[in-house]
Amino acid sequence: MGGDMTTLLLLFIASARSVLSFSQDPPKQMTKVVVQLQGPEIPAESFAAKPKTMYRAGGRYCRMEEEPDTKNGIHGLAVTNEPDFWMTNLMTKTARHGVDPGPTFNCHLPLFADDPDKEAAGLEFGLEMEWFQSKGAKPQEGPVLQTRKTTLYELEIGGSKLALFTYGTPERPLSVGRVRGEKGEIYWYSGYGQLPFDAKLFAKPEGVKIEEMKP
């Protein structure tokens, strides 16, 4: 993902998976996720390895907060409140606003958006358990990771081997890994849980100059 604002934009383009009624009441809860990416090809001090914080509520609301990328002059914030979305650079105090043309709406927070297999690319933050279970992955005893006893879910899709390690009651992700060819990478979760819905997190960014995207 890096500091590429175009990549951030692609993460939030809606696909036609479900119809959303905007007349419904706001959700009561949202999921907060904090992750860090590690891998042999990811330097520990690089931007790619910095924490990312995400929020999602239903299919309408998504938010991704990145750490500052001083090398590229970007501090990325992506907010989706379907059908509106804003791609913001907090460092330059600028944003781009777009409107999803529909006809159906659903924001996305993919783990591995670069996966050439569309099915594997459908794995999303905040929906990890649901995705693995929907693909038929069965729980099995996993290893002890970071002093925690884990449950393991494994899948092989296309050329990707995917693994979800969960812990606790109720179950929550501790890590998700992918091996594709000789390349491996893993997301470690330092935060995962339900919070009361906060509409301010999904509102139009304030204090920035907003440019309208062309339809």
# chains A, B, ... in the order shown; residues from 1 in each chain; ligands from 1
>>> residues_around(residues="Leu109 (chain A)", least_positions_apart="5", cutoff="9 Å", atoms="only C-alpha atoms", output="list in words")
Leu11, Phe12, Met54, Arg56, Cys62, Arg63, Met64, Gly122, Leu123, Glu124, Phe125 and Gly126 of chain A
>>> select_by_dssp(residues="region 30-109 of chain A", states="strand (DSSP E or B)", output="PyMOL selection string")
chain A and resi 30-39+42+52-57+61-66+69+74+76-81+84-89+94-99
>>> residues_around(residues="Ala137 (chain A)", least_positions_apart="6", cutoff="8 Å", atoms="only C-alpha atoms", output="PyMOL selection string")
chain A and resi 153-155
>>> write_last_selection(atoms="C-alpha atoms", output="compact mmCIF listing (two decimals), in the first residue's frame")
# COMPACT_ATOMS: atom_id res chain seq x y z
CA TYR A 153 -7.93 -21.58 9.99
CA GLU A 154 -6.18 -22.46 6.72
CA LEU A 155 -7.08 -22.09 3.05
>>> residues_around(residues="Pro205 (chain A)", least_positions_apart="4", cutoff="9 Å", atoms="only C-alpha atoms", output="number ranges by chain")
A: 79, 86, 88, 95, 201, 210
>>> atom_distance(atom1="CA of Leu90 (chain A)", atom2="CA of Pro43 (chain A)")
24.4 Å
>>> atom_distance(atom1="CA of His97 (chain A)", atom2="CA of Thr80 (chain A)")
9.8 Å
>>> atom_distance(atom1="CA of Arg172 (chain A)", atom2="CA of Ala120 (chain A)")
20.0 Å
>>> select_by_dssp(residues="chain A", states="alpha helix (DSSP H)", output="number ranges by chain")
A: 5-11, 128-134
>>> residues_around(residues="Phe197 (chain A)", least_positions_apart="4", cutoff="10 Å", atoms="only C-alpha atoms", output="number ranges by chain")
A: 26-31, 55-57, 201-202
>>> closest_residue(among="A:Met213, A:Tyr61, A:Gly207, A:Thr169", to="Lys32 (chain A)", atoms="only C-alpha atoms")
A:Tyr61
>>> residues_around(residues="Ala163 (chain A)", least_positions_apart="5", cutoff="9 Å", atoms="only C-alpha atoms", output="ChimeraX atom specification")
/A:132,152-156,175-179
>>> write_last_selection(atoms="N, CA and C atoms", output="mmCIF file, in the first residue's frame")
data_model
loop_
_atom_site.group_PDB
_atom_site.id
_atom_site.type_symbol
_atom_site.label_atom_id
_atom_site.label_comp_id
_atom_site.auth_asym_id
_atom_site.auth_seq_id
_atom_site.Cartn_x
_atom_site.Cartn_y
_atom_site.Cartn_z
ATOM 1 N N PHE A 132 -13.066 -16.589 6.228
ATOM 2 C CA PHE A 132 -12.468 -17.923 6.281
ATOM 3 C C PHE A 132 -13.542 -18.998 6.451
ATOM 4 N N LEU A 152 -6.387 -22.097 14.545
ATOM 5 C CA LEU A 152 -5.890 -21.875 13.191
ATOM 6 C C LEU A 152 -6.957 -22.215 12.157
ATOM 7 N N TYR A 153 -7.098 -21.334 11.164
ATOM 8 C CA TYR A 153 -7.934 -21.583 9.990
ATOM 9 C C TYR A 153 -7.029 -21.460 8.759
ATOM 10 N N GLU A 154 -7.057 -22.458 7.885
ATOM 11 C CA GLU A 154 -6.177 -22.460 6.719
ATOM 12 C C GLU A 154 -6.968 -22.636 5.425
ATOM 13 N N LEU A 155 -6.487 -21.966 4.375
ATOM 14 C CA LEU A 155 -7.081 -22.088 3.048
ATOM 15 C C LEU A 155 -5.987 -21.989 2.001
ATOM 16 N N GLU A 156 -6.214 -22.635 0.869
ATOM 17 C CA GLU A 156 -5.357 -22.456 -0.294
ATOM 18 C C GLU A 156 -6.247 -22.067 -1.463
ATOM 19 N N SER A 175 -3.346 -12.834 14.030
ATOM 20 C CA SER A 175 -2.538 -12.609 12.831
ATOM 21 C C SER A 175 -3.188 -13.276 11.630
ATOM 22 N N VAL A 176 -2.873 -12.749 10.459
ATOM 23 C CA VAL A 176 -3.270 -13.352 9.179
ATOM 24 C C VAL A 176 -2.036 -13.350 8.298
ATOM 25 N N GLY A 177 -1.717 -14.518 7.749
ATOM 26 C CA GLY A 177 -0.545 -14.627 6.897
ATOM 27 C C GLY A 177 -0.892 -15.108 5.506
ATOM 28 N N ARG A 178 -0.035 -14.746 4.569
ATOM 29 C CA ARG A 178 -0.174 -15.222 3.196
ATOM 30 C C ARG A 178 1.188 -15.648 2.686
ATOM 31 N N VAL A 179 1.217 -16.811 2.034
ATOM 32 C CA VAL A 179 2.405 -17.262 1.318
ATOM 33 C C VAL A 179 2.004 -17.445 -0.135
#
>>> decode(residues="region 48-197 of chain A", atoms="C-alpha atoms", output="CSV table (one decimal), in the first residue's frame")
chain,number,residue,atom,x,y,z
A,48,ALA,CA,4.9,-0.3,4.9
A,49,ALA,CA,5.7,-1.8,8.4
A,50,LYS,CA,4.1,1.1,10.2
A,51,PRO,CA,0.7,0.5,12.0
A,52,LYS,CA,-2.6,1.1,10.3
A,53,THR,CA,-5.8,1.8,12.1
A,54,MET,CA,-9.2,0.9,10.5
A,55,TYR,CA,-12.8,1.2,11.3
A,56,ARG,CA,-15.8,-0.3,9.6
A,57,ALA,CA,-19.5,-0.4,10.3
A,58,GLY,CA,-21.7,-2.5,8.1
A,59,GLY,CA,-21.3,-2.0,4.3
A,60,ARG,CA,-21.6,1.7,4.3
A,61,TYR,CA,-18.9,3.0,6.6
A,62,CYS,CA,-15.1,2.5,6.3
A,63,ARG,CA,-12.1,4.5,7.5
A,64,MET,CA,-8.3,3.9,7.2
A,65,GLU,CA,-5.7,5.9,9.1
A,66,GLU,CA,-2.1,5.7,8.0
A,67,GLU,CA,1.1,6.9,9.8
A,68,PRO,CA,2.9,9.8,8.2
A,69,ASP,CA,5.0,8.9,5.2
A,70,THR,CA,7.6,11.6,5.4
A,71,LYS,CA,9.7,10.3,2.5
A,72,ASN,CA,6.8,10.9,0.1
A,73,GLY,CA,5.1,13.8,1.9
A,74,ILE,CA,1.9,11.9,2.6
A,75,HIS,CA,-0.2,11.3,5.7
A,76,GLY,CA,-3.1,9.3,4.3
A,77,LEU,CA,-6.6,9.2,5.6
A,78,ALA,CA,-9.4,7.5,3.6
A,79,VAL,CA,-13.0,7.8,4.7
A,80,THR,CA,-16.0,6.2,3.0
A,81,ASN,CA,-19.6,7.1,3.9
A,82,GLU,CA,-21.4,5.5,1.0
A,83,PRO,CA,-21.9,6.8,-1.6
A,84,ASP,CA,-19.3,9.5,-0.7
A,85,PHE,CA,-15.6,9.0,-0.2
A,86,TRP,CA,-12.7,11.3,0.7
A,87,MET,CA,-9.0,10.6,0.1
A,88,THR,CA,-7.1,13.0,2.4
A,89,ASN,CA,-3.4,13.9,2.8
A,90,LEU,CA,-3.3,15.4,6.3
A,91,MET,CA,0.3,16.6,5.6
A,92,THR,CA,-0.7,18.9,2.8
A,93,LYS,CA,-4.3,19.5,4.2
A,94,THR,CA,-5.8,18.5,0.9
A,95,ALA,CA,-8.5,15.9,0.0
A,96,ARG,CA,-10.3,14.5,-3.0
A,97,HIS,CA,-14.0,13.8,-2.8
A,98,GLY,CA,-15.8,11.3,-5.0
A,99,VAL,CA,-19.3,9.8,-5.3
A,100,ASP,CA,-19.8,6.1,-5.9
A,101,PRO,CA,-22.1,5.9,-8.9
A,102,GLY,CA,-23.7,2.7,-7.7
A,103,PRO,CA,-26.2,1.1,-8.3
A,104,THR,CA,-25.2,-0.9,-5.2
A,105,PHE,CA,-22.8,0.1,-2.5
A,106,ASN,CA,-20.3,-1.6,-0.2
A,107,CYS,CA,-17.0,-0.2,1.0
A,108,HIS,CA,-13.9,-2.5,1.3
A,109,LEU,CA,-10.8,-2.9,3.4
A,110,PRO,CA,-8.9,-5.8,1.7
A,111,LEU,CA,-5.8,-7.3,3.3
A,112,PHE,CA,-4.2,-8.4,0.1
A,113,ALA,CA,-5.6,-6.2,-2.6
A,114,ASP,CA,-2.6,-7.1,-4.8
A,115,ASP,CA,-3.5,-10.8,-5.0
A,116,PRO,CA,-4.2,-11.8,-8.6
A,117,ASP,CA,-6.8,-14.2,-7.5
A,118,LYS,CA,-10.1,-12.2,-7.1
A,119,GLU,CA,-11.4,-14.7,-4.4
A,120,ALA,CA,-8.2,-14.3,-2.3
A,121,ALA,CA,-8.3,-10.6,-2.7
A,122,GLY,CA,-11.7,-10.6,-1.1
A,123,LEU,CA,-10.4,-11.2,2.4
A,124,GLU,CA,-11.1,-8.0,4.4
A,125,PHE,CA,-10.2,-6.4,7.7
A,126,GLY,CA,-13.0,-6.6,10.1
A,127,LEU,CA,-14.5,-9.6,8.4
A,128,GLU,CA,-11.7,-12.1,8.7
A,129,MET,CA,-13.5,-14.9,10.6
A,130,GLU,CA,-16.6,-14.6,8.4
A,131,TRP,CA,-14.5,-14.9,5.2
A,132,PHE,CA,-12.5,-17.9,6.3
A,133,GLN,CA,-15.6,-19.7,7.5
A,134,SER,CA,-17.5,-18.9,4.4
A,135,LYS,CA,-14.8,-20.6,2.3
A,136,GLY,CA,-15.1,-23.8,4.4
A,137,ALA,CA,-12.0,-23.4,6.6
A,138,LYS,CA,-12.3,-25.5,9.8
A,139,PRO,CA,-10.9,-24.6,13.2
A,140,GLN,CA,-7.9,-26.5,14.4
A,141,GLU,CA,-5.5,-26.2,17.2
A,142,GLY,CA,-2.9,-23.6,16.4
A,143,PRO,CA,0.5,-22.8,17.9
A,144,VAL,CA,1.2,-20.5,20.9
A,145,LEU,CA,1.9,-17.1,19.4
A,146,GLN,CA,2.9,-14.1,21.5
A,147,THR,CA,2.2,-16.2,24.7
A,148,ARG,CA,-1.4,-16.8,23.4
A,149,LYS,CA,-2.9,-20.2,22.6
A,150,THR,CA,-4.4,-19.9,19.1
A,151,THR,CA,-7.0,-21.5,16.8
A,152,LEU,CA,-5.9,-21.9,13.2
A,153,TYR,CA,-7.9,-21.6,10.0
A,154,GLU,CA,-6.2,-22.5,6.7
A,155,LEU,CA,-7.1,-22.1,3.0
A,156,GLU,CA,-5.4,-22.5,-0.3
A,157,ILE,CA,-6.9,-20.3,-3.1
A,158,GLY,CA,-5.2,-20.1,-6.5
A,159,GLY,CA,-1.5,-19.7,-5.8
A,160,SER,CA,-2.0,-18.3,-2.3
A,161,LYS,CA,-1.9,-20.1,1.0
A,162,LEU,CA,-3.8,-18.2,3.7
A,163,ALA,CA,-3.8,-18.7,7.5
A,164,LEU,CA,-5.8,-17.0,10.2
A,165,PHE,CA,-4.8,-17.3,13.8
A,166,THR,CA,-7.4,-16.4,16.4
A,167,TYR,CA,-7.4,-16.3,20.2
A,168,GLY,CA,-9.7,-15.5,23.2
A,169,THR,CA,-13.4,-15.7,23.8
A,170,PRO,CA,-15.0,-14.4,21.7
A,171,GLU,CA,-12.5,-15.3,19.0
A,172,ARG,CA,-10.6,-12.4,17.5
A,173,PRO,CA,-7.7,-12.3,15.0
A,174,LEU,CA,-4.1,-12.3,16.3
A,175,SER,CA,-2.5,-12.6,12.8
A,176,VAL,CA,-3.3,-13.4,9.2
A,177,GLY,CA,-0.5,-14.6,6.9
A,178,ARG,CA,-0.2,-15.2,3.2
A,179,VAL,CA,2.4,-17.3,1.3
A,180,ARG,CA,2.5,-16.9,-2.4
A,181,GLY,CA,5.3,-18.6,-4.3
A,182,GLU,CA,8.5,-17.8,-2.2
A,183,LYS,CA,7.1,-14.6,-0.8
A,184,GLY,CA,5.5,-14.6,2.7
A,185,GLU,CA,4.0,-11.8,4.7
A,186,ILE,CA,1.9,-11.5,7.9
A,187,TYR,CA,-0.4,-9.0,9.5
A,188,TRP,CA,-0.1,-8.8,13.3
A,189,TYR,CA,-3.2,-7.4,15.1
A,190,SER,CA,-2.4,-5.2,18.1
A,191,GLY,CA,-6.1,-4.1,18.4
A,192,TYR,CA,-9.4,-5.6,17.4
A,193,GLY,CA,-12.8,-5.0,19.0
A,194,GLN,CA,-16.3,-3.5,18.9
A,195,LEU,CA,-16.9,0.1,19.9
A,196,PRO,CA,-20.0,2.3,19.9
A,197,PHE,CA,-20.6,3.7,16.4
